[in-house]
Each structure stands twice: as structure tokens, then as C-alpha cells.
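Pasting entry25.cif here (mmCIF, N, CA and C atoms):
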data_model
#
loop_
_atom_site.label_atom_id
_atom_site.label_comp_id
_atom_site.auth_asym_id
_atom_site.auth_seq_id
_atom_site.Cartn_x
_atom_site.Cartn_y
_atom_site.Cartn_z
N MET B 127 -24.41 -9.63 -36.42
CA MET B 127 -24.02 -8.39 -35.80
C MET B 127 -24.12 -8.48 -34.27
N ALA B 128 -25.12 -9.21 -33.76
CA ALA B 128 -25.29 -9.35 -32.31
C ALA B 128 -24.09 -10.05 -31.69
N LEU B 129 -23.50 -10.99 -32.40
CA LEU B 129 -22.33 -11.69 -31.90
C LEU B 129 -21.17 -10.72 -31.73
N ASP B 130 -21.01 -9.78 -32.65
CA ASP B 130 -19.94 -8.79 -32.56
C ASP B 130 -20.13 -7.91 -31.32
N ILE B 131 -21.35 -7.50 -31.04
CA ILE B 131 -21.64 -6.68 -29.86
C ILE B 131 -21.38 -7.48 -28.59
N PHE B 132 -21.80 -8.74 -28.59
CA PHE B 132 -21.58 -9.61 -27.43
C PHE B 132 -20.09 -9.81 -27.19
N GLU B 133 -19.36 -10.11 -28.24
CA GLU B 133 -17.90 -10.32 -28.13
C GLU B 133 -17.21 -9.05 -27.66
N SER B 134 -17.61 -7.93 -28.19
CA SER B 134 -17.04 -6.65 -27.79
C SER B 134 -17.30 -6.38 -26.31
N SER B 135 -18.51 -6.66 -25.85
CA SER B 135 -18.86 -6.47 -24.44
C SER B 135 -18.05 -7.40 -23.55
N ARG B 136 -17.87 -8.63 -23.99
CA ARG B 136 -17.10 -9.61 -23.22
C ARG B 136 -15.64 -9.16 -23.08
N ILE B 137 -15.07 -8.68 -24.16
CA ILE B 137 -13.68 -8.20 -24.14
C ILE B 137 -13.57 -6.98 -23.23
N PHE B 138 -14.54 -6.08 -23.31
CA PHE B 138 -14.54 -4.88 -22.46
C PHE B 138 -14.61 -5.26 -20.99
N ILE B 139 -15.47 -6.18 -20.63
CA ILE B 139 -15.61 -6.62 -19.23
C ILE B 139 -14.33 -7.30 -18.76
N LYS B 140 -13.73 -8.11 -19.62
CA LYS B 140 -12.48 -8.78 -19.26
C LYS B 140 -11.38 -7.75 -19.02
N MET B 141 -11.30 -6.73 -19.85
CA MET B 141 -10.30 -5.69 -19.68
C MET B 141 -10.52 -4.95 -18.36
N GLN B 142 -11.78 -4.64 -18.05
CA GLN B 142 -12.09 -3.96 -16.79
C GLN B 142 -11.65 -4.82 -15.61
N ASN B 143 -11.94 -6.11 -15.66
CA ASN B 143 -11.54 -7.02 -14.59
C ASN B 143 -10.03 -7.09 -14.46
N ASN B 144 -9.32 -7.10 -15.58
CA ASN B 144 -7.85 -7.13 -15.55
C ASN B 144 -7.29 -5.87 -14.90
N ILE B 145 -7.86 -4.74 -15.20
CA ILE B 145 -7.40 -3.48 -14.61
C ILE B 145 -7.66 -3.48 -13.11
N LEU B 146 -8.85 -3.93 -12.71
CA LEU B 146 -9.17 -3.98 -11.27
C LEU B 146 -8.26 -4.96 -10.54
N THR B 147 -7.94 -6.08 -11.17
CA THR B 147 -7.02 -7.05 -10.59
C THR B 147 -5.63 -6.43 -10.43
N LEU B 148 -5.18 -5.71 -11.44
CA LEU B 148 -3.89 -5.03 -11.36
C LEU B 148 -3.88 -4.04 -10.21
N ILE B 149 -4.93 -3.25 -10.08
CA ILE B 149 -5.00 -2.27 -8.98
C ILE B 149 -4.97 -2.99 -7.64
N ASP B 150 -5.70 -4.07 -7.51
CA ASP B 150 -5.67 -4.87 -6.28
C ASP B 150 -4.24 -5.35 -5.98
N GLN B 151 -3.55 -5.83 -6.99
CA GLN B 151 -2.18 -6.33 -6.81
C GLN B 151 -1.24 -5.21 -6.39
N ILE B 152 -1.42 -4.03 -6.95
CA ILE B 152 -0.59 -2.88 -6.58
C ILE B 152 -0.83 -2.51 -5.12
N GLU B 153 -2.08 -2.54 -4.69
CA GLU B 153 -2.40 -2.22 -3.30
C GLU B 153 -1.81 -3.26 -2.34
N ILE B 154 -1.88 -4.51 -2.71
CA ILE B 154 -1.30 -5.57 -1.88
C ILE B 154 0.22 -5.38 -1.81
N HIS B 155 0.83 -5.12 -2.95
CA HIS B 155 2.28 -4.94 -3.01
C HIS B 155 2.73 -3.74 -2.18
N SER B 156 2.02 -2.64 -2.26
CA SER B 156 2.41 -1.43 -1.54
C SER B 156 1.94 -1.44 -0.09
N ASN B 157 1.09 -2.40 0.23
CA ASN B 157 0.55 -2.54 1.59
C ASN B 157 -0.25 -1.30 2.01
N LYS B 158 -0.92 -0.70 1.03
CA LYS B 158 -1.78 0.44 1.32
C LYS B 158 -2.81 0.60 0.20
N LYS B 159 -3.90 1.24 0.55
CA LYS B 159 -4.93 1.55 -0.44
C LYS B 159 -4.50 2.74 -1.27
N LEU B 160 -4.76 2.68 -2.56
CA LEU B 160 -4.51 3.83 -3.41
C LEU B 160 -5.49 4.94 -3.04
N ASN B 161 -5.06 6.16 -3.17
CA ASN B 161 -5.90 7.30 -2.83
C ASN B 161 -7.04 7.49 -3.83
N TYR B 162 -6.76 7.20 -5.11
CA TYR B 162 -7.72 7.46 -6.18
C TYR B 162 -7.85 6.25 -7.11
N ARG B 163 -8.43 5.18 -6.57
CA ARG B 163 -8.61 3.94 -7.35
C ARG B 163 -9.35 4.19 -8.66
N LYS B 164 -10.46 4.90 -8.57
CA LYS B 164 -11.27 5.14 -9.77
C LYS B 164 -10.48 5.93 -10.81
N THR B 165 -9.75 6.92 -10.37
CA THR B 165 -8.96 7.73 -11.30
C THR B 165 -7.87 6.90 -11.94
N ILE B 166 -7.20 6.07 -11.15
CA ILE B 166 -6.17 5.18 -11.70
C ILE B 166 -6.80 4.25 -12.72
N PHE B 167 -7.96 3.72 -12.39
CA PHE B 167 -8.68 2.85 -13.33
C PHE B 167 -8.94 3.60 -14.65
N LEU B 168 -9.45 4.82 -14.55
CA LEU B 168 -9.77 5.60 -15.75
C LEU B 168 -8.52 5.90 -16.57
N LEU B 169 -7.43 6.23 -15.91
CA LEU B 169 -6.19 6.53 -16.63
C LEU B 169 -5.67 5.29 -17.37
N ILE B 170 -5.70 4.14 -16.71
CA ILE B 170 -5.24 2.91 -17.36
C ILE B 170 -6.18 2.54 -18.50
N GLU B 171 -7.47 2.60 -18.24
CA GLU B 171 -8.46 2.24 -19.26
C GLU B 171 -8.33 3.15 -20.48
N SER B 172 -8.23 4.44 -20.25
CA SER B 172 -8.10 5.39 -21.36
C SER B 172 -6.82 5.15 -22.14
N SER B 173 -5.75 4.86 -21.42
CA SER B 173 -4.47 4.57 -22.08
C SER B 173 -4.57 3.35 -22.98
N LYS B 174 -5.21 2.32 -22.47
CA LYS B 174 -5.35 1.08 -23.25
C LYS B 174 -6.28 1.28 -24.45
N ASN B 175 -7.39 1.95 -24.23
CA ASN B 175 -8.39 2.10 -25.28
C ASN B 175 -7.97 3.05 -26.39
N ASN B 176 -7.02 3.92 -26.11
CA ASN B 176 -6.66 4.96 -27.07
C ASN B 176 -5.20 4.89 -27.51
N ASN B 177 -4.61 3.71 -27.39
CA ASN B 177 -3.22 3.49 -27.80
C ASN B 177 -2.27 4.51 -27.19
N LEU B 178 -2.45 4.76 -25.89
CA LEU B 178 -1.61 5.70 -25.17
C LEU B 178 -0.77 5.01 -24.10
N SER B 179 -0.45 3.74 -24.34
CA SER B 179 0.33 2.99 -23.36
C SER B 179 1.68 3.63 -23.09
N SER B 180 2.34 4.13 -24.12
CA SER B 180 3.64 4.78 -23.90
C SER B 180 3.47 6.07 -23.11
N ASP B 181 2.36 6.77 -23.32
CA ASP B 181 2.09 7.96 -22.50
C ASP B 181 1.91 7.57 -21.04
N PHE B 182 1.21 6.47 -20.80
CA PHE B 182 1.01 6.03 -19.42
C PHE B 182 2.34 5.63 -18.80
N GLU B 183 3.18 4.96 -19.56
CA GLU B 183 4.52 4.60 -19.07
C GLU B 183 5.30 5.86 -18.68
N ASN B 184 5.25 6.86 -19.53
CA ASN B 184 5.92 8.13 -19.22
C ASN B 184 5.31 8.79 -17.99
N LEU B 185 4.01 8.71 -17.88
CA LEU B 185 3.30 9.31 -16.75
C LEU B 185 3.77 8.71 -15.43
N ILE B 186 3.85 7.38 -15.35
CA ILE B 186 4.25 6.77 -14.08
C ILE B 186 5.74 6.99 -13.82
N PHE B 187 6.56 7.05 -14.88
CA PHE B 187 7.97 7.38 -14.69
C PHE B 187 8.11 8.79 -14.13
N LEU B 188 7.40 9.73 -14.72
CA LEU B 188 7.47 11.11 -14.25
C LEU B 188 6.91 11.26 -12.84
N ALA B 189 5.88 10.49 -12.53
CA ALA B 189 5.32 10.54 -11.17
C ALA B 189 6.39 10.15 -10.15
N LYS B 190 7.13 9.09 -10.45
CA LYS B 190 8.18 8.65 -9.53
C LYS B 190 9.27 9.72 -9.43
N PHE B 191 9.64 10.30 -10.56
CA PHE B 191 10.64 11.37 -10.57
C PHE B 191 10.17 12.55 -9.71
N ILE B 192 8.95 13.00 -9.95
CA ILE B 192 8.39 14.15 -9.21
C ILE B 192 8.33 13.84 -7.72
N PHE B 193 7.86 12.66 -7.39
CA PHE B 193 7.75 12.25 -5.99
C PHE B 193 9.11 12.30 -5.29
N ASN B 194 10.12 11.74 -5.94
CA ASN B 194 11.46 11.70 -5.34
C ASN B 194 12.12 13.08 -5.29
N VAL B 195 11.98 13.86 -6.35
CA VAL B 195 12.58 15.20 -6.36
C VAL B 195 11.91 16.09 -5.32
N LYS B 196 10.61 15.98 -5.19
CA LYS B 196 9.90 16.78 -4.18
C LYS B 196 10.43 16.46 -2.79
N ARG B 197 10.70 15.20 -2.54
CA ARG B 197 11.26 14.78 -1.25
C ARG B 197 12.66 15.35 -1.05
N ILE B 198 13.49 15.30 -2.09
CA ILE B 198 14.85 15.85 -2.01
C ILE B 198 14.80 17.36 -1.77
N LEU B 199 13.93 18.05 -2.51
CA LEU B 199 13.84 19.51 -2.36
C LEU B 199 13.36 19.92 -0.97
N SER B 200 12.50 19.11 -0.39
CA SER B 200 11.99 19.46 0.94
C SER B 200 13.06 19.29 2.03
N ASN B 201 14.10 18.48 1.77
CA ASN B 201 15.19 18.32 2.74
C ASN B 201 16.13 19.51 2.77
N LYS B 202 16.21 20.25 1.69
CA LYS B 202 17.03 21.46 1.57
C LYS B 202 18.49 21.21 1.97
N THR B 203 19.03 20.09 1.55
CA THR B 203 20.42 19.76 1.87
C THR B 203 21.35 19.92 0.67
N LEU B 204 20.82 20.42 -0.43
CA LEU B 204 21.61 20.58 -1.65
C LEU B 204 22.33 21.92 -1.66
N ALA B 205 23.45 21.95 -2.34
CA ALA B 205 24.11 23.23 -2.59
C ALA B 205 23.18 24.09 -3.44
N GLU B 206 23.31 25.40 -3.31
CA GLU B 206 22.37 26.31 -3.98
C GLU B 206 22.29 26.08 -5.49
N GLU B 207 23.41 25.88 -6.15
CA GLU B 207 23.41 25.66 -7.60
C GLU B 207 22.68 24.37 -7.95
N ASN B 208 22.96 23.31 -7.20
CA ASN B 208 22.27 22.03 -7.44
C ASN B 208 20.77 22.17 -7.18
N TYR B 209 20.42 22.92 -6.17
CA TYR B 209 19.02 23.16 -5.83
C TYR B 209 18.31 23.86 -6.98
N LYS B 210 18.95 24.90 -7.52
CA LYS B 210 18.35 25.65 -8.64
C LYS B 210 18.18 24.75 -9.86
N ASN B 211 19.20 23.96 -10.15
CA ASN B 211 19.13 23.05 -11.31
C ASN B 211 18.03 22.01 -11.12
N LEU B 212 17.91 21.51 -9.92
CA LEU B 212 16.88 20.51 -9.64
C LEU B 212 15.48 21.11 -9.75
N ILE B 213 15.33 22.34 -9.30
CA ILE B 213 14.04 23.05 -9.43
C ILE B 213 13.66 23.19 -10.90
N ILE B 214 14.62 23.57 -11.72
CA ILE B 214 14.36 23.73 -13.16
C ILE B 214 13.95 22.39 -13.77
N GLU B 215 14.68 21.33 -13.43
CA GLU B 215 14.36 20.00 -13.94
C GLU B 215 12.99 19.53 -13.43
N PHE B 216 12.71 19.80 -12.17
CA PHE B 216 11.42 19.45 -11.57
C PHE B 216 10.29 20.14 -12.34
N GLN B 217 10.42 21.44 -12.57
CA GLN B 217 9.36 22.20 -13.24
C GLN B 217 9.12 21.70 -14.66
N LYS B 218 10.21 21.42 -15.38
CA LYS B 218 10.10 20.93 -16.75
C LYS B 218 9.35 19.59 -16.77
N ASN B 219 9.74 18.69 -15.89
CA ASN B 219 9.10 17.37 -15.85
C ASN B 219 7.68 17.43 -15.29
N PHE B 220 7.44 18.34 -14.36
CA PHE B 220 6.09 18.51 -13.83
C PHE B 220 5.16 18.99 -14.94
N ASN B 221 5.61 19.94 -15.74
CA ASN B 221 4.79 20.45 -16.85
C ASN B 221 4.52 19.33 -17.87
N ASN B 222 5.51 18.50 -18.12
CA ASN B 222 5.34 17.36 -19.03
C ASN B 222 4.32 16.38 -18.44
N PHE B 223 4.42 16.12 -17.15
CA PHE B 223 3.48 15.25 -16.44
C PHE B 223 2.04 15.75 -16.62
N ILE B 224 1.83 17.04 -16.38
CA ILE B 224 0.49 17.63 -16.52
C ILE B 224 -0.01 17.51 -17.96
N SER B 225 0.87 17.74 -18.91
CA SER B 225 0.50 17.61 -20.32
C SER B 225 0.03 16.19 -20.65
N ILE B 226 0.75 15.20 -20.14
CA ILE B 226 0.37 13.80 -20.39
C ILE B 226 -0.95 13.49 -19.70
N LEU B 227 -1.12 13.97 -18.47
CA LEU B 227 -2.40 13.77 -17.77
C LEU B 227 -3.56 14.34 -18.60
N LYS B 228 -3.36 15.54 -19.12
CA LYS B 228 -4.41 16.17 -19.94
C LYS B 228 -4.70 15.34 -21.19
N ASN B 229 -3.66 14.84 -21.81
CA ASN B 229 -3.84 14.04 -23.03
C ASN B 229 -4.62 12.76 -22.75
N ILE B 230 -4.23 12.05 -21.71
CA ILE B 230 -4.92 10.79 -21.39
C ILE B 230 -6.36 11.07 -20.95
N SER B 231 -6.54 12.05 -20.09
CA SER B 231 -7.89 12.34 -19.56
C SER B 231 -8.81 12.96 -20.60
N SER B 232 -8.27 13.48 -21.68
CA SER B 232 -9.12 14.06 -22.73
C SER B 232 -10.03 13.00 -23.36
N ASN B 233 -9.69 11.73 -23.15
CA ASN B 233 -10.49 10.63 -23.71
C ASN B 233 -11.50 10.06 -22.71
N PHE B 234 -11.57 10.61 -21.51
CA PHE B 234 -12.55 10.16 -20.52
C PHE B 234 -13.96 10.52 -21.01
N GLU B 235 -14.94 9.81 -20.48
CA GLU B 235 -16.33 10.22 -20.68
C GLU B 235 -16.48 11.64 -20.15
N ASN B 236 -17.41 12.40 -20.68
CA ASN B 236 -17.53 13.83 -20.39
C ASN B 236 -17.57 14.13 -18.88
N GLN B 237 -18.44 13.47 -18.13
CA GLN B 237 -18.56 13.76 -16.70
C GLN B 237 -17.29 13.40 -15.94
N ASP B 238 -16.69 12.28 -16.28
CA ASP B 238 -15.43 11.88 -15.64
C ASP B 238 -14.33 12.88 -15.94
N ARG B 239 -14.29 13.37 -17.17
CA ARG B 239 -13.28 14.36 -17.56
C ARG B 239 -13.46 15.66 -16.80
N ILE B 240 -14.69 16.11 -16.67
CA ILE B 240 -14.96 17.35 -15.94
C ILE B 240 -14.54 17.22 -14.48
N GLU B 241 -14.92 16.11 -13.86
CA GLU B 241 -14.54 15.87 -12.45
C GLU B 241 -13.03 15.77 -12.30
N PHE B 242 -12.37 15.09 -13.23
CA PHE B 242 -10.92 14.94 -13.18
C PHE B 242 -10.23 16.30 -13.29
N GLU B 243 -10.65 17.10 -14.25
CA GLU B 243 -10.05 18.43 -14.43
C GLU B 243 -10.24 19.29 -13.19
N LYS B 244 -11.44 19.26 -12.64
CA LYS B 244 -11.72 20.06 -11.45
C LYS B 244 -10.86 19.62 -10.27
N GLN B 245 -10.72 18.32 -10.09
CA GLN B 245 -10.00 17.80 -8.93
C GLN B 245 -8.49 17.89 -9.06
N PHE B 246 -7.95 17.69 -10.27
CA PHE B 246 -6.50 17.56 -10.41
C PHE B 246 -5.83 18.62 -11.28
N LEU B 247 -6.53 19.18 -12.23
CA LEU B 247 -5.86 20.07 -13.18
C LEU B 247 -6.14 21.55 -12.97
N ASP B 248 -7.27 21.88 -12.35
CA ASP B 248 -7.58 23.29 -12.14
C ASP B 248 -6.63 23.94 -11.14
N ASN B 249 -6.11 23.15 -10.21
CA ASN B 249 -5.15 23.65 -9.23
C ASN B 249 -4.01 22.64 -9.14
N THR B 250 -2.95 22.89 -9.90
CA THR B 250 -1.87 21.91 -9.97
C THR B 250 -0.98 21.91 -8.73
N ASN B 251 -1.28 22.73 -7.74
CA ASN B 251 -0.57 22.69 -6.47
C ASN B 251 -1.40 22.00 -5.40
N SER B 252 -2.46 21.36 -5.81
CA SER B 252 -3.38 20.78 -4.83
C SER B 252 -2.83 19.51 -4.19
N GLU B 253 -3.27 19.26 -3.00
CA GLU B 253 -2.92 18.03 -2.29
C GLU B 253 -3.43 16.82 -3.08
N ALA B 254 -4.58 16.95 -3.69
CA ALA B 254 -5.16 15.84 -4.46
C ALA B 254 -4.21 15.41 -5.58
N LEU B 255 -3.63 16.36 -6.27
CA LEU B 255 -2.71 16.03 -7.36
C LEU B 255 -1.49 15.28 -6.82
N TYR B 256 -0.98 15.71 -5.69
CA TYR B 256 0.19 15.02 -5.12
C TYR B 256 -0.16 13.63 -4.60
N LEU B 257 -1.38 13.44 -4.15
CA LEU B 257 -1.82 12.10 -3.77
C LEU B 257 -1.97 11.20 -4.99
N LEU B 258 -2.42 11.78 -6.11
CA LEU B 258 -2.48 11.02 -7.37
C LEU B 258 -1.07 10.66 -7.83
N ILE B 259 -0.14 11.58 -7.71
CA ILE B 259 1.25 11.30 -8.05
C ILE B 259 1.77 10.15 -7.20
N ASP B 260 1.42 10.14 -5.93
CA ASP B 260 1.81 9.05 -5.04
C ASP B 260 1.25 7.72 -5.54
N ASP B 261 -0.02 7.72 -5.95
CA ASP B 261 -0.62 6.49 -6.50
C ASP B 261 0.12 6.02 -7.76
N LEU B 262 0.41 6.94 -8.65
CA LEU B 262 1.11 6.58 -9.88
C LEU B 262 2.53 6.10 -9.59
N CYS B 263 3.14 6.67 -8.58
CA CYS B 263 4.46 6.23 -8.14
C CYS B 263 4.39 4.78 -7.65
N GLU B 264 3.32 4.43 -6.96
CA GLU B 264 3.15 3.04 -6.50
C GLU B 264 3.04 2.08 -7.67
N ILE B 265 2.43 2.51 -8.75
CA ILE B 265 2.35 1.67 -9.95
C ILE B 265 3.75 1.46 -10.51
N LYS B 266 4.54 2.52 -10.56
CA LYS B 266 5.91 2.40 -11.06
C LYS B 266 6.74 1.50 -10.14
N ASN B 267 6.58 1.65 -8.84
CA ASN B 267 7.29 0.79 -7.89
C ASN B 267 6.92 -0.68 -8.10
N TYR B 268 5.64 -0.92 -8.31
CA TYR B 268 5.16 -2.28 -8.57
C TYR B 268 5.80 -2.83 -9.84
N GLU B 269 5.79 -2.03 -10.88
CA GLU B 269 6.38 -2.43 -12.16
C GLU B 269 7.86 -2.75 -11.99
N ILE B 270 8.59 -1.91 -11.27
CA ILE B 270 10.03 -2.13 -11.07
C ILE B 270 10.26 -3.41 -10.26
N ASP B 271 9.54 -3.54 -9.16
CA ASP B 271 9.75 -4.69 -8.28
C ASP B 271 9.35 -6.00 -8.93
N LYS B 272 8.30 -5.97 -9.73
CA LYS B 272 7.84 -7.19 -10.40
C LYS B 272 8.49 -7.38 -11.76
N LYS B 273 9.25 -6.38 -12.18
CA LYS B 273 9.93 -6.41 -13.48
C LYS B 273 8.96 -6.70 -14.62
N LEU B 274 7.87 -5.97 -14.61
CA LEU B 274 6.88 -6.15 -15.67
C LEU B 274 6.25 -4.81 -16.02
N LYS B 275 5.53 -4.82 -17.09
CA LYS B 275 4.76 -3.66 -17.51
C LYS B 275 3.40 -3.73 -16.86
N PRO B 276 2.85 -2.57 -16.42
CA PRO B 276 1.55 -2.64 -15.74
C PRO B 276 0.42 -3.15 -16.61
N PHE B 277 0.53 -3.02 -17.91
CA PHE B 277 -0.51 -3.56 -18.80
C PHE B 277 0.05 -3.83 -20.15
#
Before we go any further, please render this structure as C-alpha cells.
Amino acid sequence: MALDIFESSRIFIKMQNNILTLIDQIEIHSNKKLNYRKTIFLLIESSKNNNLSSDFENLIFLAKFIFNVKRILSNKTLAEENYKNLIIEFQKNFNNFISILKNISSNFENQDRIEFEKQFLDNTNSEALYLLIDDLCEIKNYEIDKKLKPF
């Protein structure tokens, strides 16, 4: 039985190191530090540990969508009808993004989950949430540029 615990610990440590290496590679690729390294680590770890890889893929896709649409909307160069349609699409995808965040973070350790909810989910208009979206967008950019899956 001790061998099983040892092997499990070794696999867990290796996974943690792989996630940290991935985060380092993303920062090198983007030429900037991620705003929320620990949170990104927790999201990836939770996704891997709970068979939520497809949720994480959707999360980073939606982050890139939200990031780009927010930039387009702030330019205010769209015709009114296109603007309204884009707002509707933005809201629908933003709500989906929040739902996925809640699902992945529901598997965090209790204290991490409480801190995550307070920082990112209690106020979905917060600057912190948009900085997290920026971090997730960098993961998607890395994935696209390297033509690989983040994990």
C-alpha cells in the first residue's frame, strides 16, 4: 500500500511541475507575467484532476472571444444593429464563461474556492476578472501559435 501512496505522490508532483512549466512557457511566449499565476495553476489542475479538460478548452476559447469582443465594443465603430447583436452574443458567452469558471472552481480546495469566488465571481464586472480573462486569452494564444493543446 505504501508503494501506491508513493507512486501517487510522484505522479501528483510531476503533474504540478508540468503545469508550472506550461505557465512559464506561456509567460515567455507572451513576453509578460500572467496576472494570476496561482489561479491559472488551480484552474488547470482542477480541470486535469476532474476530467474537465473540455471545459477548460471552452473556457480559454471564450476568454479569447470575450477579450476580442470587449475591444471591438469599446471602439464603438459598429453600426447600431451590429452593436446590439454583438452585445447579445457577448452577454451569452460571458454567462457561459462564468458558468464554466464556477464548475471548474467548485473542485478547488475549500479555502482556494472561497478566495476565488470572492475575487472573481462575487463581482463579475471587476477588473480582476478581466485580468484573469486576459491570462486565459494568453493561454489560448499560446495554444494557437504552438498548434498544441495546453495539457
For CA of Cys263 in chain B and atom C of Lys158 in chain B, the interatomic separation in Å (one decimal):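 Here the two named atoms are 12.4 Å from each other.
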Given all atoms listed in the file as the counted atoms, nearest of B:Asn175, B:Ile230, B:His155, B:Asn222 to Leu188 in chain B: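 Using all atoms listed in the file, the shortest distance to Leu188 in chain B belongs to B:Asn222.
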Separation of CA of Val195 in chain B from CA of Ile170 in chain B, in Å and rounded to one decimal: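 CA of Val195 in chain B sits 24.3 Å away from CA of Ile170 in chain B.
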Hits of the PyMOL selection byres ((chain B and resi 189) around 7) in this structure, as a ChimeraX atom specification: /B:184-188,190-194,223,259-260,262-263
Range 189-259 of chain B: residues DSSP assigns to alpha helix (DSSP H), reported as an MDAnalysis selection string: chainID B and resid 189:201 206:231 236:242 253:259
Separation of CA of Ile152 in chain B from CA of Lys273 in chain B in Å: 13.1 Å
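Take the candidates B:Arg197, B:Lys174, B:Lys210, B:Arg163 and check each one against Leu258 in chain B using only C-alpha atoms; the shortest distance goes to B:Arg163.
Nearest to Thr165 in chain B of all the residues B:Phe242, B:Phe182, B:Tyr209, B:Phe216 is B:Phe242, based on all atoms listed in the file.
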Selection as a list in words: residues within 12 Å of (-3.6, -5.7, -4.6), counting only C-alpha atoms: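 Taken together, the residues in range are Asn144, Ile145, Leu146, Thr147, Leu148, Ile149, Asp150, Gln151, Ile152, Glu153, Ile154, His155, Ser156, Asn157, Lys158, Lys159, Leu160, Arg163, Glu264, Ile265 and Tyr268 of chain B.
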Distance criterion (only C-alpha atoms): nearest to Gln245 in chain B out of B:Asn221, B:Glu183, B:Asn233, B:Leu257: B:Leu257
Of the listed residues B:Asn251, B:Ser225, B:Asn201, B:Ser231, that which approaches Leu169 in chain B most closely, counting only C-alpha atoms: B:Ser231
Quick test: take range 177-188 of chain B, keep C-alpha atoms, and write it as an mmCIF file, in the first residue's frame.
data_model
loop_
_atom_site.group_PDB
_atom_site.id
_atom_site.type_symbol
_atom_site.label_atom_id
_atom_site.label_comp_id
_atom_site.auth_asym_id
_atom_site.auth_seq_id
_atom_site.Cartn_x
_atom_site.Cartn_y
_atom_site.Cartn_z
ATOM 1 C CA ASN B 177 -11.868 15.266 -16.241
ATOM 2 C CA LEU B 178 -12.834 18.816 -17.177
ATOM 3 C CA SER B 179 -10.300 19.296 -19.963
ATOM 4 C CA SER B 180 -13.013 20.106 -22.495
ATOM 5 C CA ASP B 181 -14.435 22.674 -20.073
ATOM 6 C CA PHE B 182 -11.009 24.269 -19.806
ATOM 7 C CA GLU B 183 -10.716 24.314 -23.607
ATOM 8 C CA ASN B 184 -14.082 26.068 -23.796
ATOM 9 C CA LEU B 185 -13.018 28.454 -21.049
ATOM 10 C CA ILE B 186 -9.908 29.648 -22.881
ATOM 11 C CA PHE B 187 -11.818 29.872 -26.180
ATOM 12 C CA LEU B 188 -14.483 32.010 -24.528
#
